[in-house]
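Have a look at upload-v8.pdb; it's PDB, C-alpha atoms and all ligand atoms:
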ATOM      1  CA  MET A   8     -21.789 -13.153  -7.128
ATOM      2  CA  THR A   9     -20.996 -16.002  -4.712
ATOM      3  CA  HIS A  10     -18.575 -18.801  -5.455
ATOM      4  CA  GLU A  11     -18.912 -21.949  -3.386
ATOM      5  CA  VAL A  12     -15.575 -23.270  -4.551
ATOM      6  CA  SER A  13     -13.211 -20.845  -6.219
ATOM      7  CA  PRO A  14     -10.376 -22.239  -8.336
ATOM      8  CA  ALA A  15      -6.964 -22.238  -6.659
ATOM      9  CA  VAL A  16      -4.949 -19.085  -7.227
ATOM     10  CA  SER A  17      -2.104 -21.277  -8.539
ATOM     11  CA  GLU A  18      -4.425 -22.568 -11.260
ATOM     12  CA  LEU A  19      -5.771 -19.096 -12.088
ATOM     13  CA  LEU A  20      -2.262 -17.637 -12.305
ATOM     14  CA  LYS A  21      -0.500 -20.562 -13.968
ATOM     15  CA  ASP A  22       0.394 -18.495 -17.055
ATOM     16  CA  CYS A  23       1.061 -15.294 -15.121
ATOM     17  CA  PRO A  24       4.412 -13.612 -15.913
ATOM     18  CA  LYS A  25       7.072 -13.622 -13.188
ATOM     19  CA  ASN A  26      10.084 -11.433 -12.497
ATOM     20  CA  TRP A  27      11.797 -14.142 -10.477
ATOM     21  CA  GLY A  28      15.546 -14.208 -11.015
ATOM     22  CA  LYS A  29      15.462 -10.993 -13.081
ATOM     23  CA  TRP A  30      17.467  -9.089 -10.463
ATOM     24  CA  GLY A  31      19.433 -12.060  -9.174
ATOM     25  CA  ALA A  32      18.789 -15.075  -7.004
ATOM     26  CA  ASP A  33      19.079 -13.017  -3.793
ATOM     27  CA  ASP A  34      16.859 -10.094  -4.741
ATOM     28  CA  GLU A  35      14.340  -8.978  -2.122
ATOM     29  CA  VAL A  36      13.006  -5.664  -3.464
ATOM     30  CA  GLY A  37      11.576  -6.791  -6.801
ATOM     31  CA  ALA A  38      10.187  -4.133  -9.104
ATOM     32  CA  LEU A  39      11.717  -1.387  -6.935
ATOM     33  CA  ASN A  40      14.859  -2.247  -8.912
ATOM     34  CA  TYR A  41      13.217  -0.269 -11.719
ATOM     35  CA  LEU A  42      13.824   2.869  -9.616
ATOM     36  CA  GLY A  43      17.391   4.152  -9.724
ATOM     37  CA  PRO A  44      19.202   7.502  -9.869
ATOM     38  CA  GLN A  45      17.791   8.207 -13.344
ATOM     39  CA  GLN A  46      14.183   7.872 -12.123
ATOM     40  CA  ALA A  47      14.898   9.953  -8.983
ATOM     41  CA  LEU A  48      16.376  12.772 -11.048
ATOM     42  CA  ALA A  49      13.601  12.608 -13.650
ATOM     43  CA  ALA A  50      10.973  12.778 -10.865
ATOM     44  CA  LEU A  51      12.398  16.145  -9.793
ATOM     45  CA  GLY A  52      10.874  17.442 -13.031
ATOM     46  CA  SER A  53       7.443  16.893 -11.444
ATOM     47  CA  VAL A  54       8.234  19.362  -8.653
ATOM     48  CA  ARG A  55       6.731  22.673  -9.753
ATOM     49  CA  SER A  56       5.221  24.540  -6.796
ATOM     50  CA  GLY A  57       7.034  22.987  -3.836
ATOM     51  CA  LYS A  58       3.762  21.928  -2.160
ATOM     52  CA  VAL A  59       4.291  19.014   0.243
ATOM     53  CA  PHE A  60       1.787  16.294   1.215
ATOM     54  CA  THR A  61       2.178  13.381   3.606
ATOM     55  CA  LEU A  62       0.170  10.234   2.962
ATOM     56  CA  GLN A  63       0.120   8.420   6.305
ATOM     57  CA  LEU A  64      -3.217   8.111   8.077
ATOM     58  CA  PRO A  65      -3.293   8.997  11.776
ATOM     59  CA  MET A  66      -1.937   6.047  13.767
ATOM     60  CA  ALA A  67      -3.120   4.807  17.184
ATOM     61  CA  ASP A  68      -6.110   7.125  17.137
ATOM     62  CA  PRO A  69      -8.071   6.404  20.360
ATOM     63  CA  LYS A  70     -11.216   6.554  18.196
ATOM     64  CA  GLY A  71      -9.862   3.640  16.115
ATOM     65  CA  ASP A  72      -7.795   3.121  12.951
ATOM     66  CA  PRO A  73      -9.110   1.344   9.847
ATOM     67  CA  VAL A  74      -7.680  -2.200   9.669
ATOM     68  CA  TRP A  75      -8.329  -5.477   7.888
ATOM     69  CA  PRO A  76     -11.041  -7.344   9.844
ATOM     70  CA  GLY A  77      -9.410  -9.544  12.481
ATOM     71  CA  ARG A  78      -6.517  -7.150  13.055
ATOM     72  CA  ARG A  79      -6.478  -4.443  15.705
ATOM     73  CA  GLY A  80      -5.541  -0.819  15.245
ATOM     74  CA  ALA A  81      -2.326   0.350  16.836
ATOM     75  CA  GLU A  82      -2.523   0.974  20.588
ATOM     76  CA  ARG A  83      -0.340   3.570  22.254
ATOM     77  CA  SER A  84       0.227   3.499  25.984
ATOM     78  CA  GLN A  85       1.858   6.053  28.222
ATOM     79  CA  VAL A  86       4.854   4.863  30.225
ATOM     80  CA  ILE A  87       5.842   8.025  32.060
ATOM     81  CA  ASP A  88       4.612  11.632  32.159
ATOM     82  CA  GLU A  89       4.263  14.600  34.549
ATOM     83  CA  GLY A  90       1.725  12.596  36.571
ATOM     84  CA  HIS A  91       4.619  10.435  37.817
ATOM     85  CA  TRP A  92       6.410  13.481  39.203
ATOM     86  CA  LEU A  93       3.196  14.866  40.683
ATOM     87  CA  CYS A  94       2.690  11.706  42.722
ATOM     88  CA  GLY A  95       6.380  11.369  43.628
ATOM     89  CA  LYS A  96       6.973   8.142  41.654
ATOM     90  CA  ALA A  97       9.405   9.463  39.060
ATOM     91  CA  PRO A  98      13.192   9.436  39.092
ATOM     92  CA  GLN A  99      14.945  12.685  40.049
ATOM     93  CA  PHE A 100      17.546  13.481  37.422
ATOM     94  CA  PRO A 101      20.482  15.844  37.874
ATOM     95  CA  GLY A 102      19.343  19.187  36.463
ATOM     96  CA  GLY A 103      15.696  18.427  37.259
ATOM     97  CA  GLN A 104      14.199  17.908  33.789
ATOM     98  CA  HIS A 105      11.074  15.761  33.376
ATOM     99  CA  TYR A 106      10.071  13.749  30.317
ATOM    100  CA  ALA A 107       7.334  11.665  28.712
ATOM    101  CA  ASP A 108       7.745   8.167  27.226
ATOM    102  CA  ASP A 109       5.227   5.909  25.571
ATOM    103  CA  MET A 110       5.083   2.675  23.604
ATOM    104  CA  ILE A 111       3.018   1.270  20.797
ATOM    105  CA  SER A 112       1.583  -2.143  20.071
ATOM    106  CA  ALA A 113       0.699  -2.488  16.427
ATOM    107  CA  TYR A 114       0.103  -4.924  13.597
ATOM    108  CA  LEU A 115       2.766  -4.161  11.021
ATOM    109  CA  GLN A 116      -0.035  -4.241   8.428
ATOM    110  CA  GLY A 117      -2.300  -2.193  10.698
ATOM    111  CA  SER A 118      -1.536   1.331   9.482
ATOM    112  CA  THR A 119      -0.296   3.049   6.340
ATOM    113  CA  GLN A 120       2.356   0.544   5.412
ATOM    114  CA  TYR A 121       4.608  -1.193   2.924
ATOM    115  CA  ASP A 122       4.021  -4.893   2.542
ATOM    116  CA  ALA A 123       7.166  -6.988   2.349
ATOM    117  CA  LEU A 124       7.343  -9.005  -0.892
ATOM    118  CA  GLY A 125       7.138 -12.149   1.239
ATOM    119  CA  HIS A 126       3.863 -11.066   2.858
ATOM    120  CA  VAL A 127       1.598 -13.254   0.670
ATOM    121  CA  TRP A 128       2.348 -16.429  -1.320
ATOM    122  CA  TYR A 129       0.888 -19.608  -2.811
ATOM    123  CA  ASP A 130       2.225 -23.007  -3.867
ATOM    124  CA  GLY A 131       4.883 -22.970  -1.161
ATOM    125  CA  GLN A 132       6.925 -20.219  -2.814
ATOM    126  CA  LEU A 133       7.320 -16.506  -2.175
ATOM    127  CA  TYR A 134       8.571 -13.787  -4.499
ATOM    128  CA  ASN A 135      11.723 -14.852  -6.354
ATOM    129  CA  GLY A 136      10.986 -18.506  -5.631
ATOM    130  CA  TYR A 137      11.950 -18.398  -1.957
ATOM    131  CA  ASP A 138      10.669 -21.353   0.049
ATOM    132  CA  ALA A 139       7.558 -20.487   2.069
ATOM    133  CA  ARG A 140       9.116 -22.245   5.071
ATOM    134  CA  SER A 141      11.497 -19.269   5.249
ATOM    135  CA  THR A 142       8.528 -17.310   6.706
ATOM    136  CA  ILE A 143       8.350 -19.453   9.845
ATOM    137  CA  GLY A 144       8.970 -17.284  12.891
ATOM    138  CA  GLY A 145       9.644 -14.206  10.721
ATOM    139  CA  LEU A 146      10.558 -13.559   7.089
ATOM    140  CA  ASP A 147      14.123 -14.741   6.471
ATOM    141  CA  ARG A 148      13.726 -13.769   2.810
ATOM    142  CA  ALA A 149      11.878 -10.859   1.163
ATOM    143  CA  SER A 150      11.112  -9.112   4.452
ATOM    144  CA  VAL A 151      10.359  -5.398   4.621
ATOM    145  CA  GLN A 152      13.869  -4.529   5.810
ATOM    146  CA  PRO A 153      15.491  -4.453   2.333
ATOM    147  CA  ILE A 154      12.700  -2.133   1.133
ATOM    148  CA  GLY A 155      13.474   0.173   4.074
ATOM    149  CA  GLU A 156      17.197  -0.002   3.210
ATOM    150  CA  LYS A 157      16.601   0.902  -0.438
ATOM    151  CA  GLY A 158      13.937   3.603  -0.075
ATOM    152  CA  VAL A 159      11.462   4.501  -2.781
ATOM    153  CA  VAL A 160      11.955   7.637  -4.891
ATOM    154  CA  GLY A 161      10.295   8.219  -8.226
ATOM    155  CA  ARG A 162       7.591   9.932 -10.231
ATOM    156  CA  GLY A 163       4.165   9.262  -8.786
ATOM    157  CA  VAL A 164       0.909   9.752 -10.604
ATOM    158  CA  LEU A 165      -2.462   9.973  -8.861
ATOM    159  CA  LEU A 166      -5.426   8.365 -10.604
ATOM    160  CA  ASP A 167      -8.676   9.399  -8.987
ATOM    161  CA  ILE A 168     -11.198   6.683  -9.822
ATOM    162  CA  ALA A 169     -13.806   8.061  -7.417
ATOM    163  CA  ARG A 170     -13.634  11.386  -9.237
ATOM    164  CA  LEU A 171     -13.718   9.671 -12.632
ATOM    165  CA  ARG A 172     -16.967   7.979 -11.610
ATOM    166  CA  GLY A 173     -18.421  11.165 -10.113
ATOM    167  CA  LYS A 174     -18.560   9.714  -6.575
ATOM    168  CA  GLU A 175     -17.251  10.687  -3.155
ATOM    169  CA  CYS A 176     -16.260   7.077  -2.698
ATOM    170  CA  LEU A 177     -16.523   3.853  -4.709
ATOM    171  CA  ASP A 178     -19.167   1.370  -3.564
ATOM    172  CA  LYS A 179     -18.287  -1.735  -1.587
ATOM    173  CA  GLY A 180     -16.986  -4.338  -4.030
ATOM    174  CA  GLU A 181     -16.887  -1.896  -6.966
ATOM    175  CA  THR A 182     -14.135  -2.829  -9.388
ATOM    176  CA  PHE A 183     -11.971  -1.165 -11.981
ATOM    177  CA  THR A 184      -9.189  -2.200 -14.331
ATOM    178  CA  HIS A 185      -6.019  -0.783 -15.873
ATOM    179  CA  GLU A 186      -8.254   0.532 -18.680
ATOM    180  CA  ASP A 187      -9.957   2.718 -16.061
ATOM    181  CA  LEU A 188      -6.560   3.922 -14.860
ATOM    182  CA  LEU A 189      -5.741   4.960 -18.420
ATOM    183  CA  LYS A 190      -9.144   6.622 -18.764
ATOM    184  CA  ALA A 191      -8.634   8.529 -15.483
ATOM    185  CA  ALA A 192      -5.229   9.716 -16.700
ATOM    186  CA  GLU A 193      -6.752  10.908 -19.968
ATOM    187  CA  VAL A 194      -9.624  12.763 -18.272
ATOM    188  CA  GLN A 195      -7.199  14.323 -15.769
ATOM    189  CA  GLY A 196      -4.927  15.422 -18.632
ATOM    190  CA  THR A 197      -1.957  13.484 -17.333
ATOM    191  CA  GLU A 198       0.070  10.508 -18.471
ATOM    192  CA  ILE A 199       1.091   7.257 -16.821
ATOM    193  CA  CYS A 200       4.737   6.778 -17.722
ATOM    194  CA  LYS A 201       6.822   3.637 -17.584
ATOM    195  CA  ARG A 202       8.185   3.007 -14.057
ATOM    196  CA  ASP A 203       5.712   5.417 -12.435
ATOM    197  CA  ILE A 204       4.568   4.836  -8.877
ATOM    198  CA  VAL A 205       0.845   4.311  -9.407
ATOM    199  CA  VAL A 206      -1.282   5.972  -6.721
ATOM    200  CA  ILE A 207      -5.007   5.188  -6.862
ATOM    201  CA  ARG A 208      -7.797   6.958  -4.999
ATOM    202  CA  THR A 209     -11.121   5.219  -4.382
ATOM    203  CA  GLY A 210     -12.288   7.428  -1.475
ATOM    204  CA  PHE A 211     -12.941   4.226   0.519
ATOM    205  CA  LEU A 212     -10.829   5.007   3.600
ATOM    206  CA  GLU A 213     -12.270   8.504   3.766
ATOM    207  CA  SER A 214     -15.637   6.787   4.343
ATOM    208  CA  PHE A 215     -14.218   5.207   7.539
ATOM    209  CA  TYR A 216     -13.754   8.676   9.005
ATOM    210  CA  ARG A 217     -16.938  10.120   7.469
ATOM    211  CA  LEU A 218     -19.415   7.297   8.203
ATOM    212  CA  GLY A 219     -17.790   5.574  11.186
ATOM    213  CA  ALA A 220     -16.513   2.058  11.792
ATOM    214  CA  ASP A 221     -19.895   0.266  11.951
ATOM    215  CA  GLU A 222     -20.882   1.338   8.454
ATOM    216  CA  PHE A 223     -17.340   0.810   7.111
ATOM    217  CA  TYR A 224     -17.121  -2.827   8.287
ATOM    218  CA  LYS A 225     -20.750  -3.753   7.482
ATOM    219  CA  ASP A 226     -20.709  -6.378   4.670
ATOM    220  CA  PHE A 227     -17.003  -5.649   4.341
ATOM    221  CA  ILE A 228     -15.716  -5.898   0.808
ATOM    222  CA  GLU A 229     -13.334  -3.244  -0.427
ATOM    223  CA  PRO A 230     -13.542  -1.725  -3.873
ATOM    224  CA  GLY A 231     -10.466  -2.012  -6.058
ATOM    225  CA  LEU A 232      -8.569  -3.263  -9.034
ATOM    226  CA  THR A 233      -9.745  -6.587 -10.366
ATOM    227  CA  TYR A 234      -7.634  -9.354 -11.855
ATOM    228  CA  SER A 235      -7.270 -10.083 -15.549
ATOM    229  CA  PRO A 236      -4.266 -11.388 -17.476
ATOM    230  CA  GLU A 237      -4.302  -8.093 -19.421
ATOM    231  CA  LEU A 238      -4.031  -6.064 -16.219
ATOM    232  CA  VAL A 239      -1.059  -8.138 -15.050
ATOM    233  CA  ASP A 240       0.581  -7.748 -18.470
ATOM    234  CA  TRP A 241       0.051  -3.998 -18.259
ATOM    235  CA  PHE A 242       1.799  -3.766 -14.865
ATOM    236  CA  HIS A 243       4.572  -5.969 -16.251
ATOM    237  CA  LYS A 244       5.033  -4.043 -19.497
ATOM    238  CA  MET A 245       4.832  -0.661 -17.725
ATOM    239  CA  GLU A 246       7.412  -1.862 -15.168
ATOM    240  CA  ILE A 247       5.324  -0.434 -12.319
ATOM    241  CA  PRO A 248       7.479  -0.586  -9.160
ATOM    242  CA  ASN A 249       4.938   0.348  -6.505
ATOM    243  CA  LEU A 250       1.149   0.371  -6.180
ATOM    244  CA  VAL A 251      -0.275   2.780  -3.601
ATOM    245  CA  THR A 252      -3.983   2.959  -2.745
ATOM    246  CA  ASP A 253      -6.410   4.342  -0.181
ATOM    247  CA  THR A 254      -7.735   0.890   0.671
ATOM    248  CA  ILE A 255      -6.564  -1.715   3.152
ATOM    249  CA  ALA A 256      -5.538  -4.323   0.594
ATOM    250  CA  ASN A 257      -4.985  -2.494  -2.750
ATOM    251  CA  GLU A 258      -7.503  -4.609  -4.704
ATOM    252  CA  VAL A 259     -11.123  -5.719  -4.604
ATOM    253  CA  THR A 260     -11.423  -8.080  -1.639
ATOM    254  CA  VAL A 261     -13.060 -10.947  -3.510
ATOM    255  CA  ASP A 262     -12.692 -11.180  -7.256
ATOM    256  CA  PRO A 263     -16.220 -11.054  -8.736
ATOM    257  CA  VAL A 264     -15.268 -13.300 -11.679
ATOM    258  CA  ASN A 265     -13.356 -16.153 -10.051
ATOM    259  CA  GLY A 266     -14.210 -15.740  -6.351
ATOM    260  CA  ALA A 267     -10.594 -15.728  -5.179
ATOM    261  CA  LEU A 268      -9.490 -13.571  -2.238
ATOM    262  CA  LEU A 269      -6.799 -10.961  -2.955
ATOM    263  CA  ILE A 270      -5.558 -12.592  -6.138
ATOM    264  CA  LEU A 271      -3.509  -9.541  -7.171
ATOM    265  CA  HIS A 272      -1.324 -10.064  -4.124
ATOM    266  CA  GLY A 273      -0.290 -13.295  -5.873
ATOM    267  CA  ALA A 274      -0.100 -11.918  -9.404
ATOM    268  CA  LEU A 275       1.597  -8.585  -8.720
ATOM    269  CA  MET A 276       3.403  -8.931  -5.367
ATOM    270  CA  ARG A 277       4.523 -12.561  -5.427
ATOM    271  CA  ASN A 278       5.045 -12.983  -9.160
ATOM    272  CA  LEU A 279       6.117  -9.566 -10.435
ATOM    273  CA  GLY A 280       7.610  -8.178  -7.212
ATOM    274  CA  VAL A 281       5.446  -5.040  -7.271
ATOM    275  CA  THR A 282       5.576  -3.418  -3.809
ATOM    276  CA  PHE A 283       2.249  -2.550  -2.178
ATOM    277  CA  THR A 284       1.639   0.564  -0.104
ATOM    278  CA  GLU A 285      -1.713   0.251   1.611
ATOM    279  CA  LEU A 286      -3.975   2.489   3.681
ATOM    280  CA  ALA A 287      -2.675   5.718   2.149
ATOM    281  CA  GLY A 288      -4.490   8.955   2.939
ATOM    282  CA  LEU A 289      -5.095  10.596  -0.430
ATOM    283  CA  GLY A 290      -7.947  13.050   0.217
ATOM    284  CA  LYS A 291      -5.905  16.262   0.566
ATOM    285  CA  LEU A 292      -3.560  15.362  -2.268
ATOM    286  CA  ALA A 293      -6.481  14.556  -4.592
ATOM    287  CA  ALA A 294      -8.261  17.809  -3.753
ATOM    288  CA  ASP A 295      -5.117  19.771  -4.526
ATOM    289  CA  CYS A 296      -4.495  17.904  -7.801
ATOM    290  CA  ALA A 297      -8.065  18.616  -8.887
ATOM    291  CA  GLU A 298      -7.549  22.281  -8.078
ATOM    292  CA  ASP A 299      -4.229  22.889  -9.802
ATOM    293  CA  GLY A 300      -4.568  20.227 -12.512
ATOM    294  CA  GLN A 301      -1.194  18.640 -11.650
ATOM    295  CA  TRP A 302      -1.533  14.909 -10.997
ATOM    296  CA  ASP A 303       2.135  13.897 -11.081
ATOM    297  CA  PHE A 304       4.731  14.511  -8.362
ATOM    298  CA  LEU A 305       7.913  13.400  -6.673
ATOM    299  CA  TYR A 306       7.078  10.482  -4.360
ATOM    300  CA  VAL A 307       9.492   9.606  -1.538
ATOM    301  CA  ALA A 308       8.990   6.860   1.051
ATOM    302  CA  ALA A 309      10.865   4.340   3.157
ATOM    303  CA  PRO A 310       9.187   1.886   5.529
ATOM    304  CA  LEU A 311      10.738   1.203   8.931
ATOM    305  CA  LYS A 312      13.549  -1.357   8.737
ATOM    306  CA  VAL A 313      11.825  -4.040  10.784
ATOM    307  CA  VAL A 314      14.116  -7.084  10.818
ATOM    308  CA  ASN A 315      12.220 -10.144   9.437
ATOM    309  CA  GLY A 316       9.071  -7.968   9.229
ATOM    310  CA  THR A 317       6.141  -8.774   6.952
ATOM    311  CA  GLY A 318       5.510  -5.060   6.514
ATOM    312  CA  ALA A 319       6.166  -1.758   8.246
ATOM    313  CA  PRO A 320       4.544   1.608   8.829
ATOM    314  CA  VAL A 321       5.427   4.460   6.517
ATOM    315  CA  ASN A 322       4.605   8.113   6.009
ATOM    316  CA  PRO A 323       5.187   8.726   2.281
ATOM    317  CA  VAL A 324       5.988  12.285   1.248
ATOM    318  CA  VAL A 325       4.756  13.794  -2.003
ATOM    319  CA  ILE A 326       6.212  17.014  -3.424
ATOM    320  CA  LYS A 327       4.448  18.801  -6.271
TER
HETATM  321  C1  LIG A 401      -3.874  -9.038   3.901
HETATM  322  O1  LIG A 401      -2.878  -9.589   4.257
HETATM  323  C2  LIG A 401      -5.218  -9.571   4.204
HETATM  324  O2  LIG A 401      -3.850  -7.912   3.230
HETATM  325  P1  LIG A 401      -2.823  -6.728   3.329
HETATM  326  O3  LIG A 401      -1.887  -6.879   2.220
HETATM  327  O4  LIG A 401      -3.748  -5.594   3.196
HETATM  328  O5  LIG A 401      -2.126  -6.706   4.639
END
Please re-express this file's structure in structure tokens.
Amino acid sequence: MTHEVSPAVSELLKDCPKNWGKWGADDEVGALNYLGPQQALAALGSVRSGKVFTLQLPMADPKGDPVWPGRRGAERSQVIDEGHWLCGKAPQFPGGQHYADDMISAYLQGSTQYDALGHVWYDGQLYNGYDARSTIGGLDRASVQPIGEKGVVGRGVLLDIARLRGKECLDKGETFTHEDLLKAAEVQGTEICKRDIVVIRTGFLESFYRLGADEFYKDFIEPGLTYSPELVDWFHKMEIPNLVTDTIANEVTVDPVNGALLILHGALMRNLGVTFTELAGLGKLAADCAEDGQWDFLYVAAPLKVVNGTGAPVNPVVIK
């Protein structure tokens, strides 16, 4: 469906619930406040076999990383290596050891990452009501640094929507709702509990590696969750602290009903303070969950503490 003029997100979300002020006027981590020592200890109950999974996609792959169109994948460049000694250009250190150094140039949203709560806004206000002018030159409020300081530890639950629909990967623009999340949980024989870290697999990023970049970016529109007031109420009522998906933006790119771009960034991130973890690699974890029938786990993550950053790379760790 095409929409020549979509209504403003502020109009669409005018009755949307907000968590602004709930954790104080200076809060910068939003719904992560739902995760405390009690949730960390309870999540240990989901550790049964000791199997460990890491969710970061490869970064700075010379063959290319999946990124939002217009961004570039991370680029790594070598600064010094044995070649420098071989051609006599390297420093000679006492003791004679050699070393390698390199550097990286990367969009902070260009790899598996946490978005800062101030990453996306409308109506001149960020999460918690902070003035959008506080983003100029770097996020003075609701940057990724406080998320890195706090860390994220809780019970995660994987909901495999691709599997639910009997597909390797959802189609471009294919949508689903919280009702589908509940259905996936039921079919998987698991439960979504209050304050769970919700991890959703669509299979979409796996298609980048399977089909290649040309096919992945052709008519680019990601599959994902689609907006409804009921979905927002569900996230609110369930006190979901963190939404993790194997897509670049955690929601369908363009809402098929109202035509707005990334409206859940406004409804969940800006208004409810739900943290977004994007570009997660979920293939191995999903295969293992399907095999042993255990879809819940201990989830541990902390993005890099980039001062004033709009997001930061992360390699979440899951223990089953
Ligand atoms: C955009 O900013 C487009 O999305 P993301 O949250 O994926 O970085």
Draw an axis-aligned box tight on the listed atoms of segment 211-226 of chain A, then pad every side by 3 Å and write out centre and edge lengths in Å to one decimal as AutoDock Vina command-line options.
--center_x -15.9 --center_y 1.9 --center_z 6.2 --size_x 16.1 --size_y 22.5 --size_z 17.4
- Between A:Tyr234, A:Tyr137, A:Phe283, A:Trp30, which is the closest to ligand LIG 401 (chain A) once you count only C-alpha atoms and all ligand atoms?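 Checking each of A:Tyr234, A:Tyr137, A:Phe283, A:Trp30 against ligand LIG 401 (chain A), counting only C-alpha atoms and all ligand atoms, the winner is A:Phe283.
When the PyMOL selection byres (((chain A and resi 202) around 10) and not hetatm) is run on the displayed coordinates, the residues it returns are Ala38, Leu39, Asn40, Tyr41, Leu42, Gln46, Gly161, Arg162, Gly163, Ile199, Cys200, Lys201, Asp203, Ile204, Val205, Phe242, His243, Lys244, Met245, Glu246, Ile247, Pro248 and Asn249 of chain A.
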- Give as a ChimeraX atom specification the residues that the PyMOL selection byres (((not hetatm)) within 10 of (chain A and resi 401)) matches when applied to the coordinates above. /A:74-78,114-124,126-127,254-258,260,268-269,271-272,276,283-286,317-318
- So how far away is atom CA of Ala287 of chain A from atom CA of Gln195 of chain A, in Å?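 Taking atom CA of Gln195 of chain A and atom CA of Ala287 of chain A, their separation equals 20.4 Å.
Residue selection for this entry, given the PyMOL selection byres (((chain A and resi 149-160) around 6) and not hetatm), comprises A:Glu35, A:Val36, A:Ala47, A:Ala123, A:Leu124, A:Gly125, A:Leu146, A:Arg148, A:Gly161, A:Tyr306, A:Val307, A:Ala308, A:Ala309, A:Pro310, A:Leu311, A:Lys312, A:Val313, A:Val314, A:Asn315, A:Gly316, A:Thr317, A:Gly318.
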- Message: I'd like the contact shell of Lys58 of chain A - 10 Å cut-off, all atoms listed in the file, skipping same-chain residues fewer than 6 positions apart - returned as a ChimeraX atom specification.
- Response: /A:292,295,304,325-327
Could you save those same residues with C-alpha atoms as a PDB file, in the frame of the given file?
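As a result, result_17.pdb now contains:
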ATOM      1  CA  LEU A 292      -3.560  15.362  -2.268  1.00  0.00           C
ATOM      2  CA  ASP A 295      -5.117  19.771  -4.526  1.00  0.00           C
ATOM      3  CA  PHE A 304       4.731  14.511  -8.362  1.00  0.00           C
ATOM      4  CA  VAL A 325       4.756  13.794  -2.003  1.00  0.00           C
ATOM      5  CA  ILE A 326       6.212  17.014  -3.424  1.00  0.00           C
ATOM      6  CA  LYS A 327       4.448  18.801  -6.271  1.00  0.00           C
TER       7      LYS A 327
END
- What does the distance from atom CA of Asp253 of chain A to atom CA of Pro236 of chain A come to in Å, to one decimal?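 Straight-line distance from atom CA of Asp253 of chain A to atom CA of Pro236 of chain A works out to 23.5 Å.
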- Query: Do you have the atom CA of Gln45 of chain A-atom CA of Leu305 of chain A distance handy?
  - Reply: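 Atom CA of Leu305 of chain A lies at a distance of 13.0 Å from atom CA of Gln45 of chain A.
Look at everything within 8 Å of (-4.3, 10.2, -3.5) using only C-alpha atoms, and the residues you get are A:Leu62, A:Leu165, A:Leu166, A:Asp167, A:Val206, A:Ile207, A:Arg208, A:Thr252, A:Asp253, A:Ala287, A:Gly288, A:Leu289, A:Gly290, A:Lys291, A:Leu292, A:Ala293.
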- Message: My list of candidates is A:Asn265, A:Thr209, A:Gln85, A:Thr197. Which is closest to Asp178 of chain A when distances are computed with all atoms listed in the file?
- Response: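 Selected residue with least distance to Asp178 of chain A: A:Thr209.
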- Task: Compare A:Trp302, A:Asn278, A:Ala67, A:Gly145 by their minimum atom-to-atom distance to Asp109 of chain A, counting all atoms listed in the file, and give me the closest one.
- Result: A:Ala67
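Residue neighbourhood of Arg83 of chain A, excluding near-sequence residues (fewer than 4 positions): Met66, Ala67, Asp68, Pro69, Asp109, Met110, Ile111, Ser112 and Ala113 of chain A, at 10 Å, using all atoms listed in the file.
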- Pick from A:Ile143, A:Val261, A:Leu212, A:Leu64, whichever lies nearest to Pro320 of chain A using all atoms listed in the file: A:Leu64
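Near Glu229 of chain A, within 6 Å and counting all atoms listed in the file, sit Lys179, Gly180, Val259 and Thr260 of chain A, not including residues fewer than 6 positions from it in the same chain.
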- Nearest residue to Lys174 of chain A from the set A:Gly210, A:Val281, A:Arg217, A:Val16 (distances using all atoms listed in the file):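 Of A:Gly210, A:Val281, A:Arg217, A:Val16, the one nearest Lys174 of chain A, counting all atoms listed in the file, is A:Gly210.
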